[in-house]
$ cat structure-v2.cif   # mmCIF, C-alpha atoms
data_my_file
loop_
_atom_site.label_atom_id
_atom_site.label_comp_id
_atom_site.auth_asym_id
_atom_site.auth_seq_id
_atom_site.Cartn_x
_atom_site.Cartn_y
_atom_site.Cartn_z
CA MET A 19 0.00 0.00 0.00
CA TYR A 20 2.61 2.54 0.80
CA THR A 21 6.19 3.55 1.34
CA GLN A 22 7.19 6.58 3.29
CA ALA A 23 10.34 8.64 3.50
CA LEU A 24 11.15 7.93 7.10
CA ASN A 25 14.73 6.89 6.99
CA ALA A 26 17.48 7.94 9.30
CA ARG A 27 20.43 9.68 7.72
CA GLU A 28 23.00 7.42 6.12
CA ASN A 29 26.47 7.27 7.62
CA ALA A 30 29.10 8.84 5.43
CA VAL A 31 30.18 6.35 2.81
CA PRO A 32 33.90 5.58 3.10
CA VAL A 33 35.93 6.61 0.11
CA GLY A 34 36.28 3.60 -2.13
CA SER A 35 39.18 2.44 -4.28
CA PRO A 36 39.76 4.14 -7.65
CA GLU A 37 38.21 1.05 -9.21
CA ASP A 38 35.06 1.60 -7.17
CA ALA A 39 34.95 5.22 -8.25
CA ASP A 40 35.15 4.07 -11.83
CA ARG A 41 32.35 1.56 -11.36
CA ALA A 42 30.28 4.14 -9.51
CA ALA A 43 30.66 6.55 -12.42
CA ARG A 44 29.53 3.88 -14.88
CA PHE A 45 26.65 2.99 -12.59
CA GLN A 46 25.48 6.60 -12.45
CA ALA A 47 25.81 6.90 -16.22
CA ARG A 48 23.48 3.93 -16.60
CA ILE A 49 20.97 5.54 -14.25
CA ASP A 50 21.21 8.83 -16.12
CA ALA A 51 20.51 6.95 -19.35
CA GLU A 52 17.28 5.59 -17.75
CA GLU A 53 18.63 2.06 -17.72
CA ARG A 54 17.22 -0.28 -15.10
CA ILE A 55 19.56 -1.85 -12.57
CA GLU A 56 19.07 -5.60 -12.13
CA PRO A 57 19.97 -7.84 -9.16
CA ASN A 58 23.23 -9.19 -10.58
CA ASP A 59 24.53 -5.80 -11.68
CA TRP A 60 27.20 -3.99 -9.71
CA MET A 61 25.72 -1.29 -7.50
CA PRO A 62 27.10 1.00 -4.77
CA GLU A 63 26.56 -0.43 -1.30
CA ALA A 64 24.61 2.68 -0.28
CA TYR A 65 22.20 2.15 -3.21
CA ARG A 66 21.68 -1.45 -2.11
CA ARG A 67 21.13 -0.41 1.50
CA THR A 68 18.77 2.43 0.64
CA LEU A 69 16.65 0.23 -1.59
CA THR A 70 16.62 -2.71 0.80
CA ARG A 71 15.36 -0.39 3.51
CA GLN A 72 12.81 1.38 1.32
CA ILE A 73 11.39 -1.76 -0.30
CA SER A 74 11.24 -3.69 2.97
CA GLN A 75 9.56 -0.76 4.74
CA HIS A 76 7.10 -0.68 1.88
CA ALA A 77 6.50 -4.42 2.31
CA HIS A 78 6.07 -4.07 6.07
CA SER A 79 3.53 -1.29 5.45
CA GLU A 80 1.46 -3.56 3.23
CA ILE A 81 1.46 -6.29 5.86
CA VAL A 82 0.73 -4.06 8.87
CA GLY A 83 -1.80 -2.21 6.70
CA MET A 84 -3.98 -5.34 6.71
CA LEU A 85 -4.66 -4.91 10.42
CA PRO A 86 -6.78 -1.72 10.52
CA GLU A 87 -8.93 -2.97 7.64
CA GLY A 88 -9.08 -6.55 8.85
CA ASN A 89 -10.73 -5.07 11.93
CA TRP A 90 -13.95 -4.55 9.90
CA ILE A 91 -14.19 -7.74 7.83
CA THR A 92 -16.58 -9.47 10.19
CA ARG A 93 -18.66 -6.31 10.63
CA ALA A 94 -19.00 -5.15 7.02
CA PRO A 95 -22.57 -3.94 6.45
CA THR A 96 -23.39 -6.18 3.46
CA LEU A 97 -22.08 -9.33 1.82
CA LYS A 98 -20.91 -7.24 -1.13
CA ARG A 99 -18.87 -4.96 1.10
CA LYS A 100 -17.48 -7.91 2.99
CA ALA A 101 -16.36 -9.70 -0.17
CA ALA A 102 -14.74 -6.50 -1.44
CA LEU A 103 -12.95 -5.84 1.83
CA LEU A 104 -11.70 -9.41 2.01
CA ALA A 105 -10.42 -9.11 -1.54
CA LYS A 106 -8.70 -5.85 -0.71
CA VAL A 107 -6.98 -7.18 2.39
CA GLN A 108 -5.93 -10.23 0.37
CA ASP A 109 -4.42 -7.88 -2.22
CA GLU A 110 -2.42 -6.10 0.49
CA ALA A 111 -0.94 -9.44 1.55
CA GLY A 112 -0.02 -10.07 -2.08
CA HIS A 113 1.56 -6.62 -2.39
CA GLY A 114 3.63 -7.32 0.70
CA LEU A 115 4.84 -10.57 -0.85
CA TYR A 116 5.77 -8.99 -4.21
CA LEU A 117 7.75 -6.38 -2.32
CA TYR A 118 9.54 -8.77 0.03
CA SER A 119 10.57 -10.75 -3.05
CA ALA A 120 11.94 -7.61 -4.69
CA ALA A 121 13.84 -6.72 -1.51
CA GLU A 122 15.27 -10.23 -1.30
CA THR A 123 16.90 -9.82 -4.74
CA LEU A 124 19.20 -7.30 -3.02
CA GLY A 125 20.61 -10.01 -0.80
CA THR A 126 18.72 -9.83 2.51
CA SER A 127 16.62 -12.87 3.38
CA ARG A 128 12.92 -12.62 4.06
CA GLU A 129 13.43 -14.07 7.54
CA GLU A 130 15.87 -11.27 8.32
CA LEU A 131 13.42 -8.66 7.01
CA PHE A 132 10.60 -10.12 9.15
CA ASP A 133 12.91 -10.10 12.10
CA GLN A 134 13.71 -6.41 11.58
CA LEU A 135 10.00 -5.58 11.67
CA LEU A 136 9.12 -7.77 14.63
CA ALA A 137 12.10 -6.56 16.65
CA GLY A 138 11.04 -2.96 16.03
CA ARG A 139 14.20 -2.14 14.03
CA ALA A 140 12.31 -1.47 10.80
CA LYS A 141 9.62 1.12 10.25
CA TYR A 142 6.33 1.02 8.40
CA SER A 143 4.06 3.82 7.25
CA SER A 144 2.79 6.05 10.07
CA ILE A 145 -0.76 5.90 8.73
CA PHE A 146 -1.37 2.36 9.96
CA ASN A 147 -1.01 3.42 13.57
CA TYR A 148 -4.39 5.12 13.50
CA PRO A 149 -7.52 3.22 14.55
CA THR A 150 -10.50 2.27 12.37
CA LEU A 151 -13.35 3.32 14.65
CA THR A 152 -16.33 3.12 12.31
CA TRP A 153 -17.30 1.54 9.00
CA ALA A 154 -16.75 4.92 7.32
CA ASP A 155 -13.04 4.56 8.11
CA ILE A 156 -12.90 1.70 5.61
CA GLY A 157 -14.26 4.10 2.99
CA ALA A 158 -11.82 6.81 4.03
CA ILE A 159 -8.85 4.44 3.91
CA GLY A 160 -9.67 3.26 0.41
CA TRP A 161 -10.34 6.74 -0.89
CA LEU A 162 -7.59 8.67 0.92
CA VAL A 163 -4.89 6.27 2.08
CA ASP A 164 -4.93 4.26 -1.13
CA GLY A 165 -5.29 7.47 -3.12
CA ALA A 166 -2.13 8.81 -1.45
CA ALA A 167 -0.40 5.48 -2.01
CA ILE A 168 -1.22 5.61 -5.73
CA MET A 169 0.29 9.11 -5.99
CA ASN A 170 3.46 7.80 -4.45
CA GLN A 171 3.58 4.48 -6.27
CA ILE A 172 2.95 5.53 -9.85
CA PRO A 173 6.35 7.24 -10.14
CA LEU A 174 7.93 4.19 -8.48
CA CYS A 175 6.92 2.15 -11.55
CA ARG A 176 9.85 3.99 -13.20
CA CYS A 177 12.25 3.48 -10.31
CA SER A 178 15.81 2.65 -11.41
CA TYR A 179 15.78 -0.77 -9.72
CA GLY A 180 14.12 -3.24 -12.10
CA PRO A 181 12.52 -5.71 -9.63
CA TYR A 182 11.02 -2.86 -7.56
CA ALA A 183 9.70 -1.05 -10.64
CA ARG A 184 8.11 -4.24 -11.98
CA ALA A 185 6.53 -5.07 -8.62
CA MET A 186 5.07 -1.56 -8.49
CA ILE A 187 3.48 -1.93 -11.92
CA ARG A 188 1.58 -4.96 -10.64
CA VAL A 189 0.66 -3.22 -7.40
CA CYS A 190 -0.60 -0.08 -9.16
CA LYS A 191 -2.86 -2.11 -11.45
CA GLU A 192 -4.49 -3.66 -8.39
CA GLU A 193 -4.63 -0.47 -6.36
CA SER A 194 -7.23 1.21 -8.55
CA PHE A 195 -9.94 -1.15 -7.25
CA HIS A 196 -9.00 -0.22 -3.69
CA GLN A 197 -9.49 3.48 -4.16
CA ARG A 198 -12.72 3.13 -6.09
CA GLN A 199 -14.29 0.77 -3.56
CA GLY A 200 -13.38 3.24 -0.81
CA TYR A 201 -14.85 6.17 -2.67
CA GLU A 202 -18.01 4.20 -3.36
CA ILE A 203 -18.39 3.50 0.36
CA MET A 204 -18.03 7.22 1.07
CA LEU A 205 -20.48 8.10 -1.69
CA THR A 206 -23.05 5.63 -0.36
CA LEU A 207 -22.74 7.03 3.16
CA CYS A 208 -22.98 10.62 1.89
CA ARG A 209 -26.17 9.79 -0.05
CA GLY A 210 -27.61 8.06 3.04
CA THR A 211 -29.15 9.33 6.26
CA PRO A 212 -27.77 12.41 8.03
CA GLU A 213 -26.16 10.08 10.56
CA GLN A 214 -24.42 8.14 7.81
CA LYS A 215 -23.15 11.33 6.21
CA ALA A 216 -21.93 12.54 9.59
CA MET A 217 -20.02 9.29 9.94
CA ALA A 218 -18.31 9.91 6.58
CA GLN A 219 -17.47 13.46 7.66
CA ASP A 220 -16.03 12.23 10.94
CA ALA A 221 -13.82 9.73 9.10
CA LEU A 222 -12.54 12.44 6.75
CA ASN A 223 -11.83 14.68 9.76
CA ARG A 224 -9.71 12.02 11.39
CA TRP A 225 -7.88 10.68 8.31
CA TRP A 226 -7.14 13.84 6.34
CA TRP A 227 -4.12 15.13 8.23
CA PRO A 228 -2.50 11.73 8.81
CA CYS A 229 -2.87 11.12 5.05
CA LEU A 230 -0.98 14.32 4.26
CA MET A 231 1.77 13.10 6.58
CA MET A 232 2.07 9.88 4.57
CA PHE A 233 4.22 11.72 2.03
CA GLY A 234 6.90 12.26 4.65
CA PRO A 235 8.59 15.37 6.04
CA PRO A 236 8.58 18.64 4.08
CA ASP A 237 11.31 18.93 1.45
CA ALA A 238 13.27 21.41 3.53
CA GLU A 239 13.72 18.76 6.23
CA SER A 240 13.82 15.64 4.13
CA GLN A 241 17.11 13.83 4.58
CA HIS A 242 17.22 11.46 1.67
CA SER A 243 15.62 13.07 -1.27
CA ASP A 244 18.75 14.38 -3.00
CA GLN A 245 20.56 11.08 -3.25
CA SER A 246 17.37 9.15 -3.99
CA ALA A 247 16.53 11.59 -6.78
CA LYS A 248 20.03 11.25 -8.23
CA TRP A 249 19.62 7.48 -8.21
CA LYS A 250 16.13 7.83 -9.70
CA ILE A 251 14.57 5.93 -6.86
CA LYS A 252 12.43 8.94 -6.09
CA ARG A 253 11.13 10.98 -9.01
CA PHE A 254 9.15 13.61 -7.13
CA SER A 255 9.78 15.29 -3.81
CA ASN A 256 7.56 14.72 -0.77
CA ASP A 257 5.97 18.15 -1.13
CA GLU A 258 5.37 17.70 -4.85
CA LEU A 259 3.56 14.42 -4.28
CA ARG A 260 1.59 15.88 -1.37
CA GLN A 261 0.45 18.76 -3.55
CA LYS A 262 -0.60 16.41 -6.35
CA PHE A 263 -2.63 14.42 -3.84
CA VAL A 264 -4.37 17.47 -2.40
CA ASP A 265 -5.17 18.80 -5.88
CA ALA A 266 -6.70 15.49 -6.93
CA THR A 267 -8.56 14.82 -3.70
CA VAL A 268 -10.21 18.12 -2.77
CA PRO A 269 -12.63 18.10 -5.74
CA GLN A 270 -13.51 14.47 -4.95
CA GLY A 271 -14.39 15.47 -1.39
CA GLN A 272 -16.42 18.42 -2.59
CA TYR A 273 -18.45 16.13 -4.82
CA LEU A 274 -19.27 14.08 -1.73
CA GLY A 275 -20.50 17.27 -0.04
CA LEU A 276 -17.93 16.90 2.72
CA THR A 277 -15.78 19.57 4.34
CA PHE A 278 -12.03 19.21 4.79
CA PRO A 279 -10.84 19.81 8.37
CA ASP A 280 -8.54 22.64 7.29
CA PRO A 281 -9.74 26.26 7.57
CA ASP A 282 -6.76 27.39 5.49
CA LEU A 283 -7.61 25.18 2.52
CA ALA A 284 -8.08 27.52 -0.44
CA TYR A 285 -7.73 27.42 -4.20
CA ASP A 286 -4.81 29.39 -5.55
CA GLU A 287 -6.22 30.52 -8.88
CA ALA A 288 -2.91 31.78 -10.27
CA ALA A 289 -0.95 28.63 -9.48
CA GLY A 290 -3.82 26.23 -10.11
CA HIS A 291 -3.24 24.48 -6.77
CA TRP A 292 -5.15 23.90 -3.55
CA ARG A 293 -3.19 25.46 -0.70
CA TYR A 294 -3.40 23.65 2.62
CA GLY A 295 -2.71 24.67 6.20
CA ARG A 296 0.15 23.78 8.48
CA ILE A 297 0.75 20.08 9.10
CA ASP A 298 1.38 19.05 12.71
CA TRP A 299 4.81 17.48 12.28
CA GLU A 300 5.11 16.90 15.99
CA GLU A 301 2.27 14.39 15.73
CA PHE A 302 4.06 12.72 12.82
CA LYS A 303 7.28 12.43 14.84
CA GLN A 304 5.42 10.99 17.79
CA VAL A 305 3.68 8.36 15.66
CA LEU A 306 6.98 7.36 14.05
CA ALA A 307 8.61 7.18 17.47
CA GLY A 308 6.07 4.56 18.49
CA ASN A 309 3.63 6.81 20.31
CA GLY A 310 0.72 6.82 17.86
CA PRO A 311 -2.72 5.61 18.94
CA CYS A 312 -2.17 1.99 17.80
CA ASN A 313 1.59 1.38 17.44
CA ARG A 314 1.84 -1.10 20.28
CA GLN A 315 -1.31 -2.96 19.30
CA ARG A 316 -0.19 -3.31 15.67
CA MET A 317 3.22 -4.68 16.63
CA LYS A 318 1.71 -7.03 19.17
CA GLN A 319 -0.72 -8.38 16.59
CA ARG A 320 2.08 -8.91 14.07
CA ARG A 321 4.28 -10.67 16.62
CA ASP A 322 1.42 -12.84 17.84
CA ALA A 323 0.46 -13.79 14.28
CA HIS A 324 4.06 -14.65 13.45
CA ALA A 325 4.49 -16.73 16.59
CA ALA A 326 1.15 -18.47 16.07
CA GLY A 327 2.23 -19.47 12.56
CA ALA A 328 5.56 -20.95 13.66
CA TRP A 329 4.21 -24.51 13.93
CA VAL A 330 2.80 -24.31 10.39
CA ARG A 331 6.17 -23.28 8.96
CA GLU A 332 7.93 -25.99 10.95
CA ALA A 333 5.43 -28.65 9.90
CA ALA A 334 5.69 -27.67 6.23
CA MET A 335 9.48 -27.90 6.31
CA ALA A 336 9.41 -31.21 8.19
CA HIS A 337 6.92 -32.64 5.69
CA ALA A 338 9.04 -31.52 2.72
CA GLU A 339 12.15 -33.03 4.30
CA LYS A 340 10.36 -36.30 4.97
CA ARG A 341 9.16 -36.55 1.37
CA ALA A 342 12.64 -35.74 0.04
CA ARG A 343 14.14 -38.40 2.30
CA ARG A 344 11.63 -41.02 1.15
CA ALA A 345 12.22 -40.16 -2.49
CA ALA A 346 15.95 -40.53 -1.98
CA GLN A 347 15.48 -43.88 -0.25
CA ALA A 348 13.23 -45.13 -3.06
CA ASP A 349 15.89 -44.17 -5.60
CA ALA A 350 18.54 -45.99 -3.60
CA VAL A 351 16.63 -49.32 -3.61
CA PRO A 352 18.25 -51.62 -6.20
CA GLN A 353 16.03 -52.44 -9.16
CA ALA A 354 14.52 -55.89 -9.12
CA ALA A 355 16.33 -58.20 -11.49
CA MET B 28 22.26 -49.00 -26.29
CA PRO B 29 20.81 -45.51 -26.81
CA GLU B 30 23.05 -42.58 -26.04
CA GLN B 31 22.69 -40.85 -22.70
CA LYS B 32 20.02 -38.17 -22.85
CA ILE B 33 21.14 -34.55 -23.01
CA PRO B 34 19.14 -32.42 -20.56
CA LEU B 35 16.45 -29.97 -21.64
CA TRP B 36 16.64 -26.26 -20.72
CA GLU B 37 14.05 -23.48 -20.84
CA VAL B 38 15.19 -20.15 -22.24
CA PHE B 39 14.07 -16.72 -21.02
CA ILE B 40 14.99 -13.40 -22.65
CA ARG B 41 14.83 -9.85 -21.34
CA SER B 42 13.92 -8.13 -24.56
CA ARG B 43 14.24 -4.53 -23.40
CA ASN B 44 15.76 -2.72 -20.48
CA GLY B 45 13.50 -2.80 -17.45
CA LEU B 46 11.24 -5.61 -18.67
CA ALA B 47 11.02 -9.02 -17.02
CA HIS B 48 12.56 -12.08 -18.67
CA LYS B 49 10.03 -13.87 -20.82
CA HIS B 50 9.95 -17.50 -21.86
CA VAL B 51 10.86 -17.97 -25.50
CA GLY B 52 11.49 -21.68 -25.89
CA SER B 53 13.78 -24.55 -24.96
CA LEU B 54 16.86 -26.41 -26.09
CA HIS B 55 19.10 -29.35 -25.26
CA ALA B 56 22.56 -28.81 -23.76
CA ALA B 57 24.96 -30.87 -21.67
CA ASP B 58 25.59 -28.21 -19.04
CA ALA B 59 24.66 -24.66 -18.01
CA ALA B 60 27.48 -22.94 -19.89
CA MET B 61 26.64 -24.76 -23.11
CA ALA B 62 22.94 -24.06 -22.57
CA LEU B 63 23.64 -20.34 -22.31
CA GLN B 64 25.83 -20.43 -25.40
CA ALA B 65 23.23 -22.39 -27.35
CA ALA B 66 20.45 -20.06 -26.20
CA ARG B 67 22.43 -17.13 -27.49
CA ASP B 68 22.93 -18.85 -30.84
CA VAL B 69 19.40 -20.19 -31.22
CA TYR B 70 17.23 -17.45 -29.77
CA THR B 71 19.05 -14.12 -30.14
CA ARG B 72 20.30 -14.00 -33.68
CA ARG B 73 18.35 -10.82 -34.48
CA GLY B 74 18.90 -8.63 -31.47
CA GLU B 75 16.02 -10.13 -29.50
CA GLY B 76 17.42 -9.38 -26.10
CA LEU B 77 19.71 -7.87 -23.52
CA SER B 78 19.91 -10.74 -21.10
CA LEU B 79 19.32 -14.49 -21.08
CA TRP B 80 18.28 -17.00 -18.45
CA VAL B 81 18.47 -20.74 -18.90
CA VAL B 82 16.72 -22.96 -16.39
CA PRO B 83 16.76 -26.79 -16.32
CA SER B 84 13.33 -27.85 -17.53
CA ALA B 85 13.23 -30.43 -14.78
CA ALA B 86 13.39 -27.61 -12.23
CA ILE B 87 10.08 -26.16 -13.41
CA VAL B 88 7.00 -27.23 -11.53
CA ALA B 89 3.93 -26.65 -13.66
CA SER B 90 0.21 -26.78 -13.03
CA ASP B 91 -1.73 -29.34 -15.04
CA PRO B 92 -3.78 -27.67 -17.78
CA ALA B 93 -6.50 -30.23 -17.03
CA ASP B 94 -6.85 -28.55 -13.64
CA LYS B 95 -7.45 -25.13 -15.12
CA ASP B 96 -11.07 -24.93 -14.03
CA VAL B 97 -10.27 -25.83 -10.45
CA MET B 98 -7.31 -23.45 -10.42
CA PHE B 99 -8.63 -20.41 -12.22
CA GLU B 100 -12.39 -20.56 -12.68
CA PRO B 101 -13.20 -19.32 -9.14
CA THR B 102 -11.80 -15.87 -9.97
CA ALA B 103 -14.36 -15.44 -12.74
CA SER B 104 -17.15 -14.94 -10.21
CA LYS B 105 -15.13 -12.47 -8.11
CA ILE B 106 -15.94 -9.45 -10.22
CA TYR B 107 -15.56 -7.22 -7.17
CA ARG B 108 -11.79 -7.56 -7.56
CA HIS B 109 -11.97 -5.26 -10.59
CA PRO B 110 -12.08 -1.46 -10.41
CA THR B 111 -15.00 -1.24 -12.82
CA PHE B 112 -17.24 -3.03 -10.32
CA TYR B 113 -17.44 0.20 -8.30
CA GLU B 114 -19.55 3.17 -9.25
CA VAL B 115 -17.68 6.44 -9.43
CA PRO B 116 -19.76 9.19 -11.07
CA ASP B 117 -18.35 10.73 -14.26
CA GLU B 118 -18.25 14.16 -12.62
CA VAL B 119 -15.64 12.91 -10.15
CA GLY B 120 -13.31 12.15 -13.03
CA HIS B 121 -10.68 9.48 -13.34
CA MET B 122 -9.90 7.44 -10.26
#

$ encode --input "structure-v2.cif" --output "structure tokens"
Amino acid sequence: MYTQALNARENAVPVGSPEDADRAARFQARIDAEERIEPNDWMPEAYRRTLTRQISQHAHSEIVGMLPEGNWITRAPTLKRKAALLAKVQDEAGHGLYLYSAAETLGTSREELFDQLLAGRAKYSSIFNYPTLTWADIGAIGWLVDGAAIMNQIPLCRCSYGPYARAMIRVCKEESFHQRQGYEIMLTLCRGTPEQKAMAQDALNRWWWPCLMMFGPPDAESQHSDQSAKWKIKRFSNDELRQKFVDATVPQGQYLGLTFPDPDLAYDEAAGHWRYGRIDWEEFKQVLAGNGPCNRQRMKQRRDAHAAGAWVREAAMAHAEKRARRAAQADAVPQAA
Amino acid sequence: MPEQKIPLWEVFIRSRNGLAHKHVGSLHAADAAMALQAARDVYTRRGEGLSLWVVPSAAIVASDPADKDVMFEPTASKIYRHPTFYEVPDEVGHM
């Protein structure tokens, strides 16, 4: 569902040998020529590290992102909504798996990546630390959270790393259903009773600002954008993507007859952009630091699920080993004369 | 006595930068190096690709086409997995 620019600053890269400098120059020339980098190609260690972190954080976000929505599967208002929500959560699991596979091509095992998440050493998108209090939140997540994710992910389809770019193409194709089903939920609520419309408004009020934070810190404070842009991992800055999202989303909200919880939101005729008010970056920092409304619950649920599945993984491996052993023994039996 | 069988390999080509490798066919070769060489000679004589994979055919696990209904038919009824299943009014524009 989403990757976020949350990374800590890289340590200074030690000066490499002249040979490394030469390879690095050729590497950058390939990037500048819009060539894709593939797993077996030489790449600077910092490029490998940056991508491993970004892709695995993206994967973790997909997996943790199943929790807030999974919360409503058993309480969806109709069979149609339930089937759609199940399908959506199933897609998020698939997106997580595509992304873990892409990250693994950089040389870190999936088990290690899981371990980083479960031990709290890896981050995931801040947005999934907010609770889903009503059914309207499922609409708001599809419309806004997936809408923001699409803004971020479409440029990633042209990311310089081939396996990531190809995974994103698949993800983006599937993401369109997510946003439309969310918007349809919002539309249905807004065309319903006053109470239902109020529920939609309440969900927008709670999700709007956290969604703007999904794009990461403002450009002036963003620590990674320069290098990521040079490597063509990131094609647009955080603020550029945020602005695109606001411009696309405000008219959609107006069509619903809803009000955005931002008194400063105004259309800038000359620039052709919707200008938004100040984002509470302190809240963002707190959520990233583990102090959001649901951080502890999300991590506990992930750890519990992983631990509860341990016997299944063990049994599957034991079964495969047993079958391999029996096949080997059968081969070893001398043929009857 | 018939000669010992030479193993079969499946050949995959990345036709353009950034695309995934795609299956193009198979060939016989005694080992991996010869398979790669043969794949180059057989399948890329007209600039078809930038990169080749050869995979032992025996390493591929395939579904049985006879099982296609069991495997794939259930998705046909799950039309709610497609974006067009959801109503978004024209006035809202592309989503």

$ resolve_selection --input "structure-v2.cif" --expression "the PyMOL selection byres ((chain A) within 7 of (chain B))" --output "list in words"
Glu53, Arg54, Ala102, Ala105, Gly180, Ser194, Phe195, Arg198, Gln199, Glu202, Gln270 and Tyr273 of chain A

$ axis_aligned_box --input "structure-v2.cif" --around "range 81-90 of chain B" --padding-each-side "4 Å" --output "JSON"
{"center_x": 9.3, "center_y": -25.6, "center_z": -15.2, "size_x": 26.3, "size_y": 17.7, "size_z": 15.4}

$ resolve_selection --input "structure-v2.cif" --expression "the PyMOL selection byres ((chain B and resi 70) around 12)" --output "PyMOL selection string"
chain B and resi 37-42+50-54+62-69+71-81

$ resolve_selection --input "structure-v2.cif" --expression "the PyMOL selection byres ((chain A and resi 256-258) around 7)" --output "mmCIF file with C-alpha atoms, in the coordinates of the input"
data_model
loop_
_atom_site.group_PDB
_atom_site.id
_atom_site.type_symbol
_atom_site.label_atom_id
_atom_site.label_comp_id
_atom_site.auth_asym_id
_atom_site.auth_seq_id
_atom_site.Cartn_x
_atom_site.Cartn_y
_atom_site.Cartn_z
ATOM 1 C CA PHE A 233 4.220 11.720 2.030
ATOM 2 C CA GLY A 234 6.900 12.260 4.650
ATOM 3 C CA PRO A 235 8.590 15.370 6.040
ATOM 4 C CA PRO A 236 8.580 18.640 4.080
ATOM 5 C CA ASP A 237 11.310 18.930 1.450
ATOM 6 C CA PHE A 254 9.150 13.610 -7.130
ATOM 7 C CA SER A 255 9.780 15.290 -3.810
ATOM 8 C CA LEU A 259 3.560 14.420 -4.280
ATOM 9 C CA ARG A 260 1.590 15.880 -1.370
ATOM 10 C CA GLN A 261 0.450 18.760 -3.550
ATOM 11 C CA LYS A 262 -0.600 16.410 -6.350
#

$ residues_near_point --input "structure-v2.cif" --point "(-6.8, 13.8, 4.8)" --cutoff "12 Å" --atoms "all atoms listed in the file" --output "VMD selection string"
chain A and resid 145 155 158 to 166 219 to 233 260 263 to 268 270 to 271 276 to 280 283 294 to 295 297

$ residues_around --input "structure-v2.cif" --residues "Lys32 in chain B" --least-positions-apart "6" --cutoff "10 Å" --atoms "all atoms listed in the file" --output "ChimeraX atom specification"
/B:55-57

$ atom_distance --input "structure-v2.cif" --atom1 "CA of Ala328 in chain A" --atom2 "CA of Leu117 in chain A"
21.7 Å

$ residues_near_point --input "structure-v2.cif" --point "(24.7, -32.0, -15.3)" --cutoff "9 Å" --atoms "all atoms listed in the file" --output "VMD selection string"
chain B and resid 33 to 34 57 to 59

$ closest_residue --input "structure-v2.cif" --among "A:Arg71, A:Lys106, A:Arg253, A:Lys141" --to "His196 in chain A" --atoms "only C-alpha atoms"
A:Lys106

$ atom_distance --input "structure-v2.cif" --atom1 "CA of Met169 in chain A" --atom2 "CA of Glu287 in chain A"
22.6 Å

$ atom_distance --input "structure-v2.cif" --atom1 "CA of Arg296 in chain A" --atom2 "CA of Pro281 in chain A"
10.2 Å
